[in-house]
Each structure stands twice: as C-alpha cells, then as structure tokens.
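All remarks here apply to the structure that follows.
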Amino acid sequence: MIDAERLRVLGTYSAASPARTVRYARRVLLNRLVETVTSSRHVHRELARRARVAQRNPIIVVPPVMGVRLVDERRREIWGSTLRLFGGDGPTSIAAAQPVGPVHGFTLVPRLVERDVLGGLLRYIARIYGARLGEDLFALAYDWRRPLADGARALATLVARVRGASDEPVDLVGISSGGNVIRRFFAAEPEELAGLGSAASSVRRVIYMATPQRGAFSGFDYLVEGLRVVRQGCDGATMQRMVPSIFDCLPHHSERLFVDTQGQRLELDHLDPATWRELRLAGHDRPELAEELARARETQDRIARGAHPPSIVIADRHRPTATRAVIDRGKVVLPCADCAGDVERYPYAFEPGDGVVSAHSMEAAPGLATDAPWWVETSEHARVATDPHVHPLVVEALLSPLRAVPRERYLWPTNPITLGGRETAS
C-alpha cells in the first residue's frame, strides 16, 4: 500500500490525495513490473546480498538541470509534469518557483507507461541497496535555474539535516550538472555550510554520472541558440535570463572555444563580454551579461581550490561531441553531431564524449580512483541515469571500498538496448 502522506512529505507529489496516489500507482504499474523482472538477474541478486552485509552510508542524489519539479506560489506545477513538455507556463517564464522533489518520470501512456527520469535509479537503489526514501536515501530539491551557489547552500542544509547529531558521512551521487552543484558545495565558504564545519569531511565518497567537471560546450550552445524540450523551448537570451546556472557550467576560462575554418584556435575569451559584443552573440547587449560571466569565472576558480573526498566517475565517451565554435566567414557556427555533414565539415570541432559533454571534461574529477572512469555506452547523455544497465554500477560504486576496484570483480552486463558492455580502460 502506498502511503499518500509519505509521498507528500518526500516531495513525490505536492499535495497527494489517496485518489491521486492510486492513479499514480496504476499509471506506473507496467514500469514497476519491467524493473522487477530485469533486476532479478544474478548480478542484481549478488549486489543485493553484498548490500545487506555492508556498512552503508546515507545517500543524497543531486539531480541535474530539469531534474527537480518546480511549482509556483499557488502550488501549480511549472516543471515536472508531461503537460509542461507541450505548453503552458514553463520554467523559463516564471521567475519565482519552489522546488518540491525529483522528477520521477513523464507519462507517455496514461496509467501505464512513463518516460523515466530519476524514478528508476531511486527505486533501484532502494530495492537493491536497501536504502529507504526519506530515511537514508534523499534527492536534493533545489531550483536548478539559479546559480550553483544556491544549489550548494541547499545541499549543505540537506547534508546537515541527514547527518543530524551523527558524525557519519554521507555518499553523494551527482547526475550531470548535479555534480557541479556538488563541486560548488565543496568550495563553499563556512557561512554557506549550515554549521557543517567542513564539506569534504562530511562526505565519504562522490559518484559523478556524466558531470561536466570542466564545463560543457553544450552550455554555451544553450545560451546562444536556446533549448527546446519537445514543444517547450526558449531562445538563448531567455535562457540567460531565466536559467543563469548554465553560465556556471560553461567551459573553463582556460579553454579556447573559438577556432577558424582550419581548426586553429583563436584568442577569444568566451567569458569576456567584449567577445560576446564582437561576435554579436545572443544577449550581448544585456546589462547583466558581464556580471554573469564574471560569476562563472569566479565559480570555476573557487571550485578548483576546494578540498574533495574520493570519487568515482560513470560516463560515456562513444560519440562525437561538439567542443568548439567555428568562425566561418565572419559567422559563428555552433557545430552539431546530429546536423548533416557537420562532423565531416568541422572534424576539429569534435571530441569523444556522450554527445553533450566531452570525455575530457567528465574524467577531470578530483579524487578519482586510480582505475580511471567507469566508461559505459548509452544511447544519449540523459540515459546515463535512466539506463537499467547502468544502475548496477551505481550500487557497485556505493559498495566498493575506498580504493581502486578492479574491473574484473564486477560482472559488467551486456547492454543489448544501448549496445553497451564491459569496456577496459584505454
């Protein structure tokens, strides 16, 4: 039986009634059946056996941009429901919003099937690792549109609440840009730490899933070209105004994003507002642009200085990923791997990655184990958190000791859906 009050407290629904809870249970019945069947294989049973006898730490999952549900002052959902994918007031049209919990999924067939977002991973950790939502498994609720410092403060408050009077450290799981929130948390000033004393000492281990440690060119693309999710979308200037957190995830200021048509890097600083004016990029005349770019530079420098506990990286490096903008006859071209002919026309503008974040950026995590990142193959960047063949790796990372884990000890499952499988480090 599903406890409606527990779901409300945990943020699964903002005002869950018994009838609404029953409808939710029916809607995802098929999803749960599939998850139960797929997690009954030997590798999952063995992980569950190890988890039962392990010393387990509380877990906090930090969702990425668009991974947290947002409601307005009247508790109307502006992000997190299927309706918001297609129209209505979206997260880039309402300034004041309140985070109320993770996005578990989007309904595709009412009462039957949903497109997974974070629900599958949370349920897998609960089922196999034995953690309970609201007791020793938590998902950070934060306004992902705000600068990383805001998310870091929310994380500090949650870590302090989870630890309570105990000195037991927590484990953090950062998904995509959620990992950048974690990096900013470790670089927080004492007054931002909610009385923790030290961010690094309050955490046992961090698991980064496709996190752009040195930023992502895709963030620059979103700020210039905009972003569309199904029918809900906005232009670059709107993204700059309503989702300033993307500035904090731009590539490191030491990178040179702009190249000529021969692939030669140009001395143009993408964090300098003069560059935006010279190239007439979207929002180049915004009065706030200089402040946003300066904050991004300061955030990058601050993060580089922060202490950090041991970490494990789970990421994909199997597809060409844009990392450079091309100045072609005075025009700024943002290459796209899915755009016809761009990979062949501008080969120097791409690097291995997952299509959104480069492998170079994802593997730059501090405190990384000596066996390097755990490379997997998924169908897209977002699938690193939803692929059921990746979920066992998260539990393996939670269970592994604070030393290198030989790949030979884990039975890496073949992935017939995304063509993934065990891969040795290169």
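Each chain in the structure tokens gets a letter, A, B and so on, in the order shown; residues start at 1 in every chain, and ligands are counted from 1 in the order they appear.
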Item checked: A:Pro309 environment, 12 Å, only C-alpha atoms, sequence neighbours closer than 3 positions dropped, as a list in words -> Pro169, Val170, Asp171, Leu172, Ile182, Arg183, Phe186, Ser198, Ala199, Ala200, Ser201, Ser202, Val203, Arg204, Arg205, Val206, Ile207, Gly306, Ile312, Ala365, Pro366, Gly367, Leu368, Ala369, Leu402 and Arg403 of chain A
Using C-alpha atoms, can you write the selected residues to a file as an mmCIF file, in the first residue's frame?
```cif
data_model
loop_
_atom_site.group_PDB
_atom_site.id
_atom_site.type_symbol
_atom_site.label_atom_id
_atom_site.label_comp_id
_atom_site.auth_asym_id
_atom_site.auth_seq_id
_atom_site.Cartn_x
_atom_site.Cartn_y
_atom_site.Cartn_z
ATOM 1 C CA PRO A 169 29.496 10.879 6.465
ATOM 2 C CA VAL A 170 27.134 10.692 3.515
ATOM 3 C CA ASP A 171 27.584 9.469 -0.060
ATOM 4 C CA LEU A 172 26.709 11.872 -2.871
ATOM 5 C CA ILE A 182 28.415 19.126 -5.514
ATOM 6 C CA ARG A 183 31.690 20.694 -6.692
ATOM 7 C CA PHE A 186 32.938 21.501 -1.578
ATOM 8 C CA SER A 198 33.891 21.102 6.553
ATOM 9 C CA ALA A 199 32.127 19.980 3.407
ATOM 10 C CA ALA A 200 34.750 17.388 2.422
ATOM 11 C CA SER A 201 34.825 15.724 5.867
ATOM 12 C CA SER A 202 31.031 15.304 5.851
ATOM 13 C CA VAL A 203 31.128 13.169 2.687
ATOM 14 C CA ARG A 204 32.578 9.670 2.311
ATOM 15 C CA ARG A 205 32.505 9.406 -1.482
ATOM 16 C CA VAL A 206 31.087 11.138 -4.542
ATOM 17 C CA ILE A 207 29.771 9.307 -7.590
ATOM 18 C CA GLY A 306 38.065 23.134 -2.929
ATOM 19 C CA ILE A 312 34.120 7.527 -8.969
ATOM 20 C CA ALA A 365 37.008 14.788 -11.370
ATOM 21 C CA PRO A 366 39.224 15.351 -8.325
ATOM 22 C CA GLY A 367 39.860 12.411 -6.019
ATOM 23 C CA LEU A 368 39.317 9.976 -8.886
ATOM 24 C CA ALA A 369 40.167 6.331 -8.198
ATOM 25 C CA LEU A 402 37.781 3.478 -0.704
ATOM 26 C CA ARG A 403 40.420 2.114 -3.006
#
```
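Here the question is which of A:Arg228, A:Arg305, A:Arg163, A:Arg74 gets nearest to A:Ile59 using only C-alpha atoms, and that residue is A:Arg163.
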Item checked: Of the listed residues A:Arg132, A:His252, A:His308, A:Arg123, that which approaches A:Gln213 most closely, counting only C-alpha atoms ->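 Among the listed residues, the smallest separation from A:Gln213 belongs to A:His252.
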Item checked: Gap from atom CA of A:His318 to atom CA of A:Phe217 - Å, one decimal -> 17.0 Å
Check: Excluding same-chain residues fewer than 2 positions from stretch 342-357 of chain A, what lies within 8 Å of it counting only C-alpha atoms, as a PyMOL selection string?
Finding: chain A and resi 210-212+215-218+261+263+315-326+335-340+359-362+378+380-381
Next item on the list: Enumerate the residues of stretch 335-399 of chain A with a DSSP assignment of strand (DSSP E), computed from the backbone, and present them as an NGL selection string.
Entry: :A and (350-353 or 374-376)
Check: What's the 12 Å shell around A:Ala51, counting only C-alpha atoms, without same-chain residues fewer than 3 positions away, as a ChimeraX atom specification?
Finding: /A:44-48,54-57,125-131,392,395-400
Margin query: Using DSSP secondary structure from the backbone, list all alpha helix (DSSP H) positions within stretch 88-294 of chain A, as a PyMOL selection string.
Written below: chain A and resi 119-124+148-163+178-186+217-225+236-242+273-279+289-294
Selected residues written out with C-alpha atoms, as an mmCIF file, in the first residue's frame:
```cif
data_model
loop_
_atom_site.group_PDB
_atom_site.id
_atom_site.type_symbol
_atom_site.label_atom_id
_atom_site.label_comp_id
_atom_site.auth_asym_id
_atom_site.auth_seq_id
_atom_site.Cartn_x
_atom_site.Cartn_y
_atom_site.Cartn_z
ATOM 1 C CA GLY A 119 12.485 7.294 -10.622
ATOM 2 C CA GLY A 120 14.149 4.153 -11.955
ATOM 3 C CA LEU A 121 17.509 4.937 -10.356
ATOM 4 C CA LEU A 122 15.961 5.835 -6.986
ATOM 5 C CA ARG A 123 13.851 2.678 -6.989
ATOM 6 C CA TYR A 124 16.840 0.523 -7.953
ATOM 7 C CA LEU A 148 25.364 26.898 -8.450
ATOM 8 C CA ALA A 149 25.945 28.705 -5.137
ATOM 9 C CA ASP A 150 22.199 28.496 -4.410
ATOM 10 C CA GLY A 151 22.153 24.751 -5.040
ATOM 11 C CA ALA A 152 25.294 24.331 -2.920
ATOM 12 C CA ARG A 153 23.616 26.031 0.035
ATOM 13 C CA ALA A 154 20.572 23.783 -0.337
ATOM 14 C CA LEU A 155 22.871 20.746 -0.423
ATOM 15 C CA ALA A 156 24.721 21.910 2.707
ATOM 16 C CA THR A 157 21.412 22.242 4.541
ATOM 17 C CA LEU A 158 20.313 18.754 3.478
ATOM 18 C CA VAL A 159 23.660 17.165 4.390
ATOM 19 C CA ALA A 160 23.473 18.785 7.843
ATOM 20 C CA ARG A 161 19.898 17.542 8.321
ATOM 21 C CA VAL A 162 20.689 13.997 7.168
ATOM 22 C CA ARG A 163 23.693 13.713 9.428
ATOM 23 C CA GLY A 178 24.030 17.999 -10.362
ATOM 24 C CA GLY A 179 27.689 17.082 -9.991
ATOM 25 C CA ASN A 180 28.601 20.747 -10.493
ATOM 26 C CA VAL A 181 26.363 21.609 -7.537
ATOM 27 C CA ILE A 182 28.415 19.126 -5.514
ATOM 28 C CA ARG A 183 31.690 20.694 -6.692
ATOM 29 C CA ARG A 184 30.425 24.113 -5.620
ATOM 30 C CA PHE A 185 29.365 22.644 -2.244
ATOM 31 C CA PHE A 186 32.938 21.501 -1.578
ATOM 32 C CA PHE A 217 30.335 23.466 -24.785
ATOM 33 C CA SER A 218 26.671 22.451 -24.901
ATOM 34 C CA GLY A 219 26.035 25.046 -22.173
ATOM 35 C CA PHE A 220 27.440 27.743 -24.447
ATOM 36 C CA ASP A 221 25.191 26.423 -27.208
ATOM 37 C CA TYR A 222 22.106 26.677 -24.960
ATOM 38 C CA LEU A 223 22.949 30.267 -24.001
ATOM 39 C CA VAL A 224 23.409 31.288 -27.633
ATOM 40 C CA GLU A 225 20.957 29.141 -29.582
ATOM 41 C CA GLY A 236 19.268 31.970 -25.888
ATOM 42 C CA ALA A 237 18.508 35.356 -24.334
ATOM 43 C CA THR A 238 15.667 33.826 -22.305
ATOM 44 C CA MET A 239 17.912 31.008 -21.130
ATOM 45 C CA GLN A 240 20.458 33.577 -19.972
ATOM 46 C CA ARG A 241 17.837 35.496 -18.032
ATOM 47 C CA MET A 242 15.873 32.594 -16.506
ATOM 48 C CA PRO A 273 31.661 40.224 -22.506
ATOM 49 C CA ALA A 274 33.753 42.008 -25.176
ATOM 50 C CA THR A 275 33.868 38.704 -27.101
ATOM 51 C CA TRP A 276 30.074 38.445 -26.997
ATOM 52 C CA ARG A 277 29.766 42.002 -28.297
ATOM 53 C CA GLU A 278 32.369 41.492 -31.014
ATOM 54 C CA LEU A 279 30.670 38.328 -32.284
ATOM 55 C CA LEU A 289 25.882 39.674 -19.017
ATOM 56 C CA ALA A 290 29.193 40.945 -17.611
ATOM 57 C CA GLU A 291 28.125 40.033 -14.072
ATOM 58 C CA GLU A 292 27.024 36.528 -15.125
ATOM 59 C CA LEU A 293 30.309 35.849 -16.943
ATOM 60 C CA ALA A 294 32.354 37.196 -14.029
#
```
